[in-house]
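Undergrad: Provided herewith: data-v3.cif, mmCIF, C-alpha atoms.
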data_coords
#
loop_
_atom_site.label_atom_id
_atom_site.label_comp_id
_atom_site.auth_asym_id
_atom_site.auth_seq_id
_atom_site.Cartn_x
_atom_site.Cartn_y
_atom_site.Cartn_z
CA MET P 1 0.00 0.00 0.00
CA THR P 2 1.22 3.50 -0.78
CA SER P 3 -0.17 6.95 -0.20
CA ALA P 4 0.89 10.53 -0.77
CA HIS P 5 2.98 11.83 2.08
CA SER P 6 5.24 14.76 2.87
CA LEU P 7 8.14 14.31 5.25
CA PRO P 8 8.84 16.81 8.02
CA VAL P 9 10.54 19.88 6.55
CA LEU P 10 13.37 21.39 8.59
CA ASP P 11 15.22 24.61 7.79
CA LEU P 12 18.82 24.22 9.00
CA SER P 13 19.34 27.97 9.03
CA ARG P 14 16.87 28.23 11.93
CA ALA P 15 19.54 26.64 14.14
CA ASP P 16 21.52 29.90 13.84
CA ASP P 17 18.64 32.07 15.08
CA PRO P 18 18.46 32.21 18.91
CA ALA P 19 14.72 32.82 18.66
CA GLU P 20 14.20 29.76 16.43
CA ARG P 21 16.85 27.34 17.67
CA ALA P 22 14.90 25.59 20.43
CA ASP P 23 11.94 24.90 18.16
CA PHE P 24 14.25 23.69 15.38
CA LEU P 25 15.93 21.22 17.75
CA LYS P 26 12.56 20.00 18.98
CA GLN P 27 11.41 19.35 15.43
CA LEU P 28 14.70 17.68 14.49
CA HIS P 29 14.44 15.39 17.53
CA ALA P 30 10.90 14.39 16.60
CA ALA P 31 11.73 13.77 12.95
CA ALA P 32 14.79 11.67 13.75
CA ARG P 33 13.04 9.71 16.49
CA ASP P 34 9.68 9.12 14.86
CA THR P 35 10.43 9.06 11.14
CA GLY P 36 14.15 8.72 10.48
CA PHE P 37 13.54 10.78 7.33
CA LEU P 38 13.12 14.49 6.68
CA HIS P 39 13.38 17.20 4.05
CA LEU P 40 16.25 19.61 4.75
CA THR P 41 16.21 23.21 3.53
CA GLY P 42 18.32 26.18 4.57
CA HIS P 43 21.47 24.13 3.95
CA GLY P 44 23.37 26.71 1.92
CA ILE P 45 23.70 24.63 -1.25
CA THR P 46 22.54 26.83 -4.10
CA ALA P 47 20.07 26.01 -6.85
CA ALA P 48 22.87 26.51 -9.37
CA GLU P 49 25.00 23.89 -7.60
CA THR P 50 22.22 21.31 -7.53
CA ALA P 51 21.32 22.00 -11.17
CA ARG P 52 24.97 21.56 -12.16
CA ILE P 53 25.40 18.18 -10.49
CA LEU P 54 22.13 16.89 -11.96
CA ASP P 55 23.11 18.16 -15.42
CA LEU P 56 26.43 16.34 -15.18
CA THR P 57 24.68 13.20 -13.94
CA ARG P 58 22.47 13.23 -17.03
CA ALA P 59 25.53 13.93 -19.21
CA PHE P 60 27.34 10.91 -17.80
CA PHE P 61 24.47 8.55 -18.56
CA ALA P 62 24.13 10.08 -22.03
CA LEU P 63 27.67 8.97 -22.87
CA PRO P 64 28.04 6.01 -25.22
CA GLU P 65 27.94 2.71 -23.39
CA ALA P 66 31.59 2.05 -24.27
CA ASP P 67 32.62 5.20 -22.38
CA ARG P 68 30.65 4.16 -19.32
CA LEU P 69 31.94 0.59 -19.40
CA ALA P 70 35.50 1.92 -19.60
CA VAL P 71 35.06 2.88 -15.94
CA SER P 72 33.23 -0.32 -14.91
CA ASN P 73 33.46 -1.12 -11.22
CA LEU P 74 34.66 -4.57 -12.24
CA ASN P 75 38.00 -2.83 -12.85
CA SER P 76 38.22 -1.63 -9.25
CA PRO P 77 39.12 -3.57 -6.09
CA HIS P 78 37.67 -0.55 -4.25
CA PHE P 79 34.12 -1.01 -5.67
CA ARG P 80 34.39 2.33 -7.50
CA GLY P 81 33.04 3.06 -10.95
CA TYR P 82 30.10 2.29 -13.20
CA THR P 83 27.55 -0.46 -12.56
CA ARG P 84 25.40 -1.58 -15.49
CA ILE P 85 21.62 -1.77 -15.23
CA GLY P 86 20.56 -4.76 -13.17
CA HIS P 87 24.04 -5.55 -11.85
CA GLU P 88 23.56 -4.24 -8.33
CA LEU P 89 21.61 -6.37 -5.87
CA THR P 90 19.39 -5.36 -2.97
CA GLY P 91 17.96 -8.17 -0.88
CA GLY P 92 19.42 -10.59 -3.41
CA ALA P 93 17.35 -9.17 -6.29
CA SER P 94 18.57 -7.01 -9.19
CA ASP P 95 17.92 -3.28 -9.04
CA TRP P 96 16.72 -1.75 -12.31
CA ARG P 97 19.13 1.18 -12.36
CA ASP P 98 22.69 2.00 -13.32
CA GLN P 99 25.09 4.18 -11.40
CA LEU P 100 28.55 5.63 -10.91
CA ASP P 101 30.08 5.18 -7.44
CA VAL P 102 32.56 7.79 -6.23
CA GLY P 103 34.38 8.02 -2.91
CA ALA P 104 37.01 10.26 -1.41
CA GLU P 105 39.92 10.45 -3.86
CA ARG P 106 42.79 8.62 -2.19
CA PRO P 107 45.72 6.41 -3.23
CA ALA P 108 45.21 2.66 -3.36
CA PRO P 109 45.98 1.19 0.07
CA VAL P 110 48.57 -1.45 0.82
CA VAL P 111 46.54 -4.16 2.55
CA GLY P 112 48.51 -6.87 4.30
CA PRO P 113 47.24 -10.35 5.24
CA ASP P 114 46.63 -9.28 8.82
CA ASP P 115 44.91 -6.01 7.95
CA PRO P 116 41.11 -5.69 8.01
CA PRO P 117 39.79 -6.22 4.47
CA TYR P 118 37.57 -3.15 4.70
CA LEU P 119 40.69 -1.07 4.00
CA TRP P 120 40.10 -1.96 0.33
CA LEU P 121 37.13 0.41 0.40
CA GLU P 122 39.53 3.35 0.14
CA GLY P 123 41.34 4.09 -3.10
CA PRO P 124 41.19 5.99 -6.37
CA ASN P 125 38.02 6.65 -8.33
CA GLN P 126 37.46 5.98 -12.01
CA TRP P 127 36.54 8.98 -14.16
CA PRO P 128 35.20 8.99 -17.75
CA ALA P 129 37.69 10.51 -20.15
CA ALA P 130 34.81 11.81 -22.26
CA LEU P 131 33.47 13.98 -19.41
CA PRO P 132 36.56 15.46 -17.70
CA GLU P 133 34.64 18.12 -15.76
CA LEU P 134 32.86 15.41 -13.78
CA ARG P 135 35.81 14.77 -11.47
CA THR P 136 36.10 18.28 -10.07
CA ALA P 137 32.34 18.74 -9.82
CA VAL P 138 31.66 15.53 -7.89
CA LEU P 139 34.60 15.91 -5.52
CA ASP P 140 33.60 19.52 -4.81
CA TRP P 141 30.01 18.37 -4.24
CA GLN P 142 31.20 15.79 -1.72
CA SER P 143 33.19 18.41 0.17
CA ARG P 144 30.24 20.81 0.27
CA LEU P 145 27.78 18.18 1.49
CA ALA P 146 30.20 16.84 4.09
CA VAL P 147 30.09 20.23 5.81
CA VAL P 148 26.28 20.25 5.78
CA ALA P 149 26.08 16.66 7.02
CA HIS P 150 28.49 17.23 9.88
CA ARG P 151 26.62 20.31 10.99
CA LEU P 152 23.37 18.34 10.91
CA LEU P 153 24.92 15.45 12.86
CA ARG P 154 26.03 17.83 15.63
CA GLU P 155 22.58 19.41 15.77
CA LEU P 156 20.98 15.97 15.89
CA LEU P 157 23.08 14.99 18.89
CA THR P 158 22.22 18.27 20.59
CA SER P 159 18.53 17.68 19.94
CA ILE P 160 18.54 14.43 21.96
CA GLY P 161 20.53 15.96 24.79
CA ALA P 162 23.88 14.40 23.86
CA PRO P 163 27.30 16.08 23.47
CA ALA P 164 27.39 17.75 20.05
CA ASP P 165 31.04 16.81 19.55
CA PHE P 166 30.67 13.13 20.42
CA PHE P 167 31.49 11.94 16.88
CA ASP P 168 33.90 14.72 15.90
CA ALA P 169 37.00 12.57 16.37
CA ALA P 170 35.57 9.73 14.26
CA PHE P 171 35.00 12.11 11.35
CA ALA P 172 38.04 14.38 11.81
CA ASP P 173 40.52 12.27 9.84
CA ARG P 174 39.72 10.38 6.62
CA PRO P 175 35.94 10.34 6.86
CA HIS P 176 34.40 7.85 4.46
CA LEU P 177 32.55 9.95 1.90
CA HIS P 178 30.56 8.31 -0.87
CA THR P 179 28.45 9.68 -3.71
CA LYS P 180 26.34 7.82 -6.24
CA LEU P 181 25.16 9.23 -9.57
CA ILE P 182 22.07 7.15 -10.38
CA ARG P 183 19.74 6.68 -13.33
CA TYR P 184 16.46 4.76 -13.13
CA PRO P 185 15.74 4.06 -16.82
CA GLY P 186 12.00 3.50 -16.64
CA SER P 187 10.16 0.20 -16.41
CA ALA P 188 12.06 -3.08 -16.60
CA PRO P 189 11.12 -5.38 -19.50
CA SER P 190 10.16 -8.03 -16.96
CA GLY P 191 7.57 -5.75 -15.39
CA ASN P 192 9.42 -5.80 -12.06
CA ASP P 193 9.26 -2.31 -10.56
CA GLN P 194 12.30 -2.63 -8.24
CA GLY P 195 14.32 0.46 -8.97
CA VAL P 196 16.17 -0.26 -5.75
CA GLY P 197 14.83 -2.77 -3.29
CA ALA P 198 13.85 -2.19 0.32
CA HIS P 199 16.84 -1.52 2.54
CA LYS P 200 18.27 0.54 5.36
CA ASP P 201 21.44 2.56 4.87
CA TYR P 202 24.25 1.07 6.93
CA GLY P 203 26.13 4.20 7.93
CA PHE P 204 25.33 7.49 9.63
CA LEU P 205 23.60 10.07 7.42
CA THR P 206 22.41 10.18 3.82
CA LEU P 207 21.61 13.39 1.94
CA LEU P 208 19.67 12.68 -1.24
CA LEU P 209 19.24 15.03 -4.17
CA GLN P 210 16.46 13.83 -6.46
CA ASP P 211 15.05 15.27 -9.65
CA ALA P 212 11.36 16.04 -10.23
CA VAL P 213 10.44 12.41 -10.97
CA GLY P 214 9.07 10.59 -7.93
CA GLY P 215 9.52 7.00 -6.84
CA LEU P 216 11.12 7.14 -3.40
CA GLN P 217 9.03 5.38 -0.76
CA VAL P 218 9.54 5.12 3.01
CA VAL P 219 7.95 2.81 5.58
CA ARG P 220 5.54 4.61 7.91
CA ASP P 221 3.15 2.79 10.22
CA GLY P 222 3.79 -0.52 8.51
CA GLU P 223 3.26 0.57 4.91
CA TYR P 224 5.21 2.33 2.19
CA VAL P 225 4.37 5.98 1.62
CA GLU P 226 5.50 8.22 -1.21
CA VAL P 227 8.14 10.92 -0.70
CA PRO P 228 7.39 13.51 -3.38
CA PRO P 229 10.39 15.55 -4.53
CA MET P 230 10.69 19.01 -2.97
CA PRO P 231 12.64 21.62 -4.96
CA GLY P 232 15.55 23.04 -2.99
CA ALA P 233 15.47 20.33 -0.34
CA PHE P 234 17.57 17.27 0.38
CA VAL P 235 15.93 14.12 1.66
CA VAL P 236 17.87 13.14 4.78
CA ASN P 237 17.75 9.73 6.39
CA LEU P 238 19.52 8.05 9.29
CA GLY P 239 21.59 4.89 8.90
CA GLU P 240 22.02 1.76 10.98
CA LEU P 241 25.05 2.97 12.88
CA LEU P 242 23.09 5.80 14.46
CA GLU P 243 20.64 3.12 15.57
CA ILE P 244 23.49 1.22 17.20
CA ALA P 245 24.99 4.35 18.74
CA THR P 246 21.70 5.36 20.39
CA GLU P 247 20.63 1.87 21.52
CA GLY P 248 17.71 1.89 19.11
CA TYR P 249 16.41 5.31 20.19
CA LEU P 250 17.02 6.59 16.66
CA THR P 251 16.15 4.00 14.05
CA ALA P 252 17.15 3.49 10.46
CA THR P 253 14.05 3.25 8.29
CA ASP P 254 13.36 0.91 5.38
CA HIS P 255 12.99 2.64 2.04
CA ARG P 256 12.97 1.77 -1.64
CA VAL P 257 12.60 3.31 -5.10
CA VAL P 258 9.87 2.16 -7.46
CA SER P 259 10.85 2.41 -11.12
CA PRO P 260 9.27 5.29 -13.01
CA PRO P 261 6.60 4.25 -15.53
CA GLY P 262 7.26 3.51 -19.17
CA ALA P 263 10.28 5.25 -20.66
CA VAL P 264 10.45 7.98 -18.00
CA GLU P 265 13.92 8.30 -16.50
CA ARG P 266 14.68 9.33 -12.92
CA TYR P 267 18.02 10.75 -11.77
CA SER P 268 19.25 11.08 -8.21
CA VAL P 269 22.48 11.82 -6.36
CA PRO P 270 22.69 10.37 -2.83
CA PHE P 271 25.61 11.36 -0.61
CA PHE P 272 26.59 9.13 2.32
CA TYR P 273 28.38 10.70 5.28
CA ASN P 274 30.31 8.24 7.39
CA PRO P 275 33.33 8.15 9.72
CA ARG P 276 36.75 6.67 9.03
CA LEU P 277 36.62 2.96 8.35
CA ASP P 278 38.23 1.84 11.61
CA ALA P 279 35.97 3.98 13.80
CA VAL P 280 34.27 1.96 16.52
CA VAL P 281 30.83 3.30 17.27
CA GLU P 282 30.22 3.70 20.98
CA THR P 283 26.95 4.48 22.72
CA VAL P 284 26.09 8.17 22.73
CA PRO P 285 25.63 9.31 26.35
CA GLY P 286 22.52 11.17 27.45
CA GLU P 287 19.30 11.01 29.43
CA TYR P 288 17.50 9.89 26.27
CA LEU P 289 18.88 6.38 26.95
CA ARG P 290 16.18 5.93 29.59
CA SER P 291 13.75 5.69 26.65
CA ALA P 292 15.99 3.69 24.32
CA PRO P 293 14.56 0.23 23.54
CA GLY P 294 17.85 -1.37 22.59
CA VAL P 295 18.98 -2.44 19.15
CA ALA P 296 16.76 -4.98 17.40
CA HIS P 297 19.23 -7.45 15.89
CA ASP P 298 18.44 -9.16 12.61
CA ALA P 299 20.29 -12.44 12.11
CA SER P 300 20.24 -11.93 8.34
CA ASN P 301 21.74 -8.44 8.65
CA PRO P 302 24.20 -8.32 11.55
CA LEU P 303 25.15 -4.82 12.68
CA HIS P 304 28.78 -4.23 13.56
CA ALA P 305 30.03 -1.46 15.82
CA GLU P 306 33.13 -1.03 13.65
CA TYR P 307 32.01 1.09 10.73
CA GLY P 308 34.18 -0.50 8.04
CA ARG P 309 32.73 -3.96 8.67
CA ASN P 310 29.20 -2.66 8.03
CA GLU P 311 30.33 -0.90 4.88
CA LEU P 312 32.18 -3.89 3.46
CA LYS P 313 29.26 -6.20 4.22
CA GLY P 314 27.02 -3.96 2.14
CA TRP P 315 29.36 -3.77 -0.84
CA VAL P 316 29.98 -7.50 -1.01
CA ARG P 317 26.26 -8.23 -0.93
CA ALA P 318 25.38 -5.56 -3.48
CA HIS P 319 28.25 -6.22 -5.92
CA PRO P 320 29.12 -9.93 -5.72
CA ALA P 321 30.77 -9.91 -9.16
CA VAL P 322 33.30 -7.31 -8.03
CA ALA P 323 33.86 -9.19 -4.78
CA ARG P 324 34.40 -12.50 -6.60
CA ARG P 325 36.93 -10.90 -8.95
CA TRP P 326 38.99 -9.03 -6.38
CA HIS P 327 38.10 -10.48 -2.97
CA PRO P 328 36.88 -14.06 -3.42
CA GLU P 329 37.67 -14.87 0.20
CA LEU P 330 34.88 -12.48 1.25
CA VAL P 331 32.13 -14.06 -0.84
CA GLU P 332 29.85 -16.50 0.94
CA ALA P 333 29.99 -19.98 -0.53
#
Can the structure in the file be given as structure tokens, please?

TA:
Amino acid sequence: MTSAHSLPVLDLSRADDPAERADFLKQLHAAARDTGFLHLTGHGITAAETARILDLTRAFFALPEADRLAVSNLNSPHFRGYTRIGHELTGGASDWRDQLDVGAERPAPVVGPDDPPYLWLEGPNQWPAALPELRTAVLDWQSRLAVVAHRLLRELLTSIGAPADFFDAAFADRPHLHTKLIRYPGSAPSGNDQGVGAHKDYGFLTLLLQDAVGGLQVVRDGEYVEVPPMPGAFVVNLGELLEIATEGYLTATDHRVVSPPGAVERYSVPFFYNPRLDAVVETVPGEYLRSAPGVAHDASNPLHAEYGRNELKGWVRAHPAVARRWHPELVEA
């Protein structure tokens, strides 16, 4: 079942106004506790910036297939690059979308036999030679959104009565930034409408820029509800590690994207804000814990306190072909 629904809308600039701050924090607390999703305005990212990144996203997917396949993620032990339509899995089923995965631009790591395998998740990106401006634009976009996300994370902690700087150290050095450029190319020939299947994000915060085509759905009160696009706003959602860190007080929420009808294409650019890979997530202190129910563990989706283990688990499940090629020891038999 689905129905029209608007998420709570929060204006981040209200946090700077002494007359508005208390009400902003109250609304942020409620949205994070009760919904896990919200629309964020007042973030300082201009309409020109969002138009530019969406234009470049469309330009990338308009490249000839040979140019996109030249940066296939099958070339990358770091799971970076282009994924063809239907070659990413969610819940074991193919998602009817293609995408370009970009992380922080760093040298390839030297990973020894005794090192945690999640270190492979850092490394260089792959960039299409036919669209050279994409590199600077996406890396600048990541830097801009990282500032917004960190500000929001601090305000979120404040809103539940926790120390605003609790996670500062985990994000201060080598935070794990990740951006996807995504195209949903209309209905699948099979009739399956799984643009991306139901899932929870496994990190901290996601800031999603979507175009004017709908399709995002979020679980509310046991059913999926539509999240119509809102011009000028990011859709923000909480990930599983915030659930762990708050003993289930803040919960990650299931969501999915239903493929647009017919030949309609949908474009989106989610940004994932996460700490360094070896960060161990500890419980956030605060009086709110008196109301925390504890983390509900799912045997099919174990949650790890160490961020990199969560991240690697997600990549191996979503991109088994890349894992088999570069990290066969990580693939379940």

Undergrad: Name all residues at most 12 Å from Glu287 of chain P (count all atoms listed in the file; drop same-chain ones fewer than 5 positions away) and give them as a ChimeraX atom specification.

TA: /P:157-163,246,249,292

Undergrad: Here is a test: counting only C-alpha atoms, which residue of P:Leu119, P:Ile182, P:Ala62, P:Leu250 is nearest to Val295 of chain P?

TA: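 That would be P:Leu250, the residue with the smallest distance to Val295 of chain P.
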
Undergrad: Taking the file as shown, find all residues satisfying the PyMOL selection byres ((chain P and resi 67) around 12) and write them as a list in words.

TA: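 With the shown file as input, the PyMOL selection byres ((chain P and resi 67) around 12) matches Ala59, Phe60, Phe61, Ala62, Leu63, Pro64, Glu65, Ala66, Arg68, Leu69, Ala70, Val71, Ser72, Gly81, Tyr82, Gln126, Trp127, Pro128, Ala129, Ala130, Leu131 and Pro132 of chain P.
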
Undergrad: Between P:Ala104, P:Val280, P:Ala212, P:Val331, which one has atoms that come closest to Leu177 of chain P, using all atoms listed in the file?

TA: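 Of the candidates, the smallest distance to Leu177 of chain P is held by P:Ala104.
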
Undergrad: Restricting the calculation to only C-alpha atoms: of P:Trp326, P:Phe234, P:Tyr288, P:Trp96, which residue gets closest to Leu209 of chain P?

TA: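 Using only C-alpha atoms, the shortest distance to Leu209 of chain P belongs to P:Phe234.
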
Undergrad: Which residue out of P:Lys200, P:Arg97, P:Arg290, P:Arg309 has the minimum interatomic distance to His255 of chain P when only C-alpha atoms are used?

TA: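 Of P:Lys200, P:Arg97, P:Arg290, P:Arg309, the one nearest His255 of chain P is P:Lys200, counting only C-alpha atoms.
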
Undergrad: Evaluate the PyMOL selection byres ((chain P and resi 138-146) around 8) and record the selected residues as a list in words, following the chain and residue labels used in the document.

TA: Ile45, Ile53, Val102, Ala104, Glu105, Leu134, Arg135, Thr136, Ala137, Val147, Val148, Ala149, His150, Leu177, His178, Thr179, Leu207, Phe271 and Tyr273 of chain P
